[in-house]
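Reproduced below: final-v7.pdb, with PDB, C-alpha atoms.
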ATOM      1  CA  MET E   9     -10.399  21.872  13.009
ATOM      2  CA  SER E  10      -6.591  22.111  12.983
ATOM      3  CA  VAL E  11      -4.821  23.921  10.170
ATOM      4  CA  VAL E  12      -1.372  23.296   8.734
ATOM      5  CA  LYS E  13       0.830  26.028   7.306
ATOM      6  CA  ILE E  14       3.858  25.010   5.270
ATOM      7  CA  ASN E  15       6.274  27.781   4.429
ATOM      8  CA  VAL E  16       8.306  26.706   1.391
ATOM      9  CA  LEU E  17      11.691  28.453   1.563
ATOM     10  CA  THR E  18      14.042  28.429  -1.406
ATOM     11  CA  VAL E  19      17.500  28.316   0.158
ATOM     12  CA  PRO E  20      20.697  28.281  -1.914
ATOM     13  CA  GLN E  21      23.231  25.649  -0.836
ATOM     14  CA  GLU E  22      25.584  28.295   0.598
ATOM     15  CA  GLN E  23      22.824  29.652   2.877
ATOM     16  CA  ARG E  24      21.583  26.353   4.358
ATOM     17  CA  GLU E  25      23.777  26.474   7.452
ATOM     18  CA  THR E  26      22.771  30.102   8.075
ATOM     19  CA  LEU E  27      19.068  29.260   7.831
ATOM     20  CA  GLU E  28      19.354  26.286  10.176
ATOM     21  CA  LYS E  29      21.327  28.296  12.745
ATOM     22  CA  ARG E  30      18.732  31.067  12.684
ATOM     23  CA  PHE E  31      15.907  28.597  13.298
ATOM     24  CA  ALA E  32      17.911  26.902  16.079
ATOM     25  CA  SER E  33      18.529  30.244  17.796
ATOM     26  CA  ARG E  34      14.794  30.800  18.189
ATOM     27  CA  ALA E  35      13.802  27.147  18.443
ATOM     28  CA  HIS E  36      11.203  27.626  21.146
ATOM     29  CA  ALA E  37       9.776  30.995  20.084
ATOM     30  CA  VAL E  38       6.560  29.574  18.644
ATOM     31  CA  GLU E  39       5.841  26.904  21.257
ATOM     32  CA  SER E  40       4.192  29.208  23.787
ATOM     33  CA  SER E  41       1.812  30.758  21.242
ATOM     34  CA  ASP E  42      -1.873  30.165  21.893
ATOM     35  CA  GLY E  43      -3.219  27.494  19.545
ATOM     36  CA  PHE E  44       0.211  26.193  18.492
ATOM     37  CA  GLU E  45       0.303  22.395  18.036
ATOM     38  CA  TRP E  46       3.424  21.358  16.074
ATOM     39  CA  PHE E  47       6.599  22.583  14.321
ATOM     40  CA  GLU E  48       9.160  20.918  12.040
ATOM     41  CA  LEU E  49      11.946  22.335   9.875
ATOM     42  CA  LEU E  50      12.494  19.914   6.982
ATOM     43  CA  ARG E  51      15.838  19.966   5.129
ATOM     44  CA  PRO E  52      15.838  18.881   1.474
ATOM     45  CA  VAL E  53      17.738  15.679   0.784
ATOM     46  CA  GLU E  54      17.850  15.664  -2.996
ATOM     47  CA  GLY E  55      16.436  17.345  -6.075
ATOM     48  CA  THR E  56      15.417  20.701  -4.574
ATOM     49  CA  ASP E  57      16.632  23.767  -2.707
ATOM     50  CA  ASN E  58      13.321  24.052  -0.835
ATOM     51  CA  TYR E  59      13.170  23.770   2.932
ATOM     52  CA  LEU E  60       9.711  23.173   4.393
ATOM     53  CA  VAL E  61       8.694  24.897   7.623
ATOM     54  CA  TYR E  62       5.733  22.863   8.909
ATOM     55  CA  THR E  63       3.509  24.344  11.592
ATOM     56  CA  ARG E  64       0.156  23.096  12.853
ATOM     57  CA  TRP E  65      -2.383  25.281  14.642
ATOM     58  CA  ARG E  66      -5.662  24.772  16.480
ATOM     59  CA  ASP E  67      -7.371  27.092  13.984
ATOM     60  CA  GLU E  68      -6.746  29.851  11.443
ATOM     61  CA  ALA E  69      -7.298  32.566  14.057
ATOM     62  CA  SER E  70      -4.437  31.190  16.200
ATOM     63  CA  PHE E  71      -2.084  31.219  13.226
ATOM     64  CA  GLN E  72      -3.079  34.764  12.257
ATOM     65  CA  ALA E  73      -2.578  35.993  15.837
ATOM     66  CA  TRP E  74       0.947  34.548  15.836
ATOM     67  CA  MET E  75       1.661  36.083  12.405
ATOM     68  CA  GLU E  76       0.574  39.537  13.570
ATOM     69  CA  GLY E  77       2.311  39.320  16.935
ATOM     70  CA  PRO E  78       5.401  37.257  17.776
ATOM     71  CA  MET E  79       6.343  36.274  14.201
ATOM     72  CA  LYS E  80       6.040  39.812  12.864
ATOM     73  CA  ALA E  81       8.126  41.197  15.722
ATOM     74  CA  ALA E  82      10.827  38.543  15.226
ATOM     75  CA  HIS E  83      11.188  39.349  11.528
ATOM     76  CA  GLN E  84      11.209  43.141  11.936
ATOM     77  CA  GLY E  85      13.889  43.488  14.591
ATOM     78  CA  GLY E  86      17.639  43.818  14.174
ATOM     79  CA  ASP E  87      20.166  41.341  15.463
ATOM     80  CA  ALA E  88      20.659  40.672  19.169
ATOM     81  CA  SER E  89      23.411  43.306  19.429
ATOM     82  CA  GLY E  90      21.112  46.025  18.104
ATOM     83  CA  GLY E  91      22.673  46.068  14.640
ATOM     84  CA  GLU E  92      20.992  45.894  11.279
ATOM     85  CA  ARG E  93      18.619  43.098  10.388
ATOM     86  CA  PRO E  94      20.579  40.286   8.693
ATOM     87  CA  LYS E  95      20.031  39.475   5.031
ATOM     88  CA  PRO E  96      17.459  36.673   4.549
ATOM     89  CA  ALA E  97      18.938  33.206   4.010
ATOM     90  CA  ALA E  98      16.058  32.260   1.702
ATOM     91  CA  SER E  99      15.755  33.679  -1.788
ATOM     92  CA  GLY E 100      12.014  32.986  -1.980
ATOM     93  CA  SER E 101       9.044  31.984   0.151
ATOM     94  CA  THR E 102       5.560  30.579  -0.458
ATOM     95  CA  VAL E 103       2.992  29.570   2.168
ATOM     96  CA  TRP E 104       0.768  26.546   1.599
ATOM     97  CA  SER E 105      -2.377  26.192   3.746
ATOM     98  CA  PHE E 106      -4.236  22.989   4.601
ATOM     99  CA  GLU E 107      -7.033  21.795   6.883
ATOM    100  CA  VAL E 108      -6.497  18.515   8.723
ATOM    101  CA  VAL E 109      -9.257  16.122   7.630
ATOM    102  CA  GLN E 110      -7.697  12.850   8.869
ATOM    103  CA  GLN E 111      -4.883  11.953  11.191
ATOM    104  CA  ALA E 112      -3.316   8.908  12.806
ATOM    105  CA  ALA E 113      -0.919   8.431  15.663
ATOM    106  CA  PRO E 114       1.321   5.466  16.426
ATOM    107  CA  LYS E 115      -0.390   2.736  18.456
ATOM    108  CA  GLY E 116      -0.004   3.361  22.160
ATOM    109  CA  ALA E 117       0.696   7.067  21.730
TER     110      ALA E 117
END
Take the structure from the file and write it as structure tokens.
Amino acid sequence: MSVVKINVLTVPQEQRETLEKRFASRAHAVESSDGFEWFELLRPVEGTDNYLVYTRWRDEASFQAWMEGPMKAAHQGGDASGGERPKPAASGSTVWSFEVVQQAAPKGA
């Protein structure tokens, strides 16, 4: 059964562009991970400073393997020039976990 992980990032207005650029610079980093099914970065439109990072995985084990491998390495390293790790763009983070119990796709998809 697929699982969905939604990372809720609190991002102050002045850090939004920084966050989006950082995600764009590693846009395809997760796609080759075993068990990966879907990714979306959702920008808030009104009423909140929370970005949602939506990922869908074949199972919990696939997500955990990515967390302990590629994701951990990406968040521990410095910048591309070998300098210090940049300050986080988000001021807070919470992960929501869900199991997919129903789904629908557009007709003809």
Just how far from atom CA of E:Tyr62 is atom CA of E:Glu107, in Å to one decimal? 13.0 Å
Who sits within 9 Å of stretch 47-56 of chain E, all atoms listed in the file, same chain under 5 positions skipped, as a list in words: Thr18, Arg24, Glu28, Phe31, Val38, Glu39, Val61, Tyr62, Thr63 and Arg64 of chain E
To one decimal place in Å, what is the distance between atom CA of E:Glu45 and atom CA of E:Val103?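 So the two atoms, atom CA of E:Glu45 and atom CA of E:Val103, lie 17.6 Å apart.
You can rank E:Leu60, E:Ala32, E:Val19, E:Ala113 by their closest distance to E:Gly100 using only C-alpha atoms, and at the top of that list sits E:Val19.
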Using all atoms listed in the file, the shortest atom-to-atom distance to E:Glu68 among E:Ser101, E:Pro114, E:Phe106, E:Ser41 belongs to E:Phe106
Within 12 Å of stretch 74-79 of chain E, counting all atoms listed in the file, which residues qualify if same-chain residues fewer than 3 places away don't, as a PyMOL selection string? chain E and resi 13+34+36-44+63-71+82-85
Selected residue of minimal separation from E:Leu27 among E:Ile14, E:Pro96, E:Lys115, E:Trp46, counting all atoms listed in the file: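 The answer is E:Pro96, which sits nearest to E:Leu27.
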May I ask which of the residues E:Val108, E:Arg30, E:Ala73, E:Asp57 is the closest one to E:Val16, counting all atoms listed in the file? E:Asp57
Please report the interatomic distance between atom CA of E:Thr102 and atom CA of E:Ser10 in Å with one decimal. 20.0 Å
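Across E:Gln110, E:Asn15, E:Gln21, E:Thr26, the tightest approach to E:Pro94 is made by E:Thr26 when counting all atoms listed in the file.
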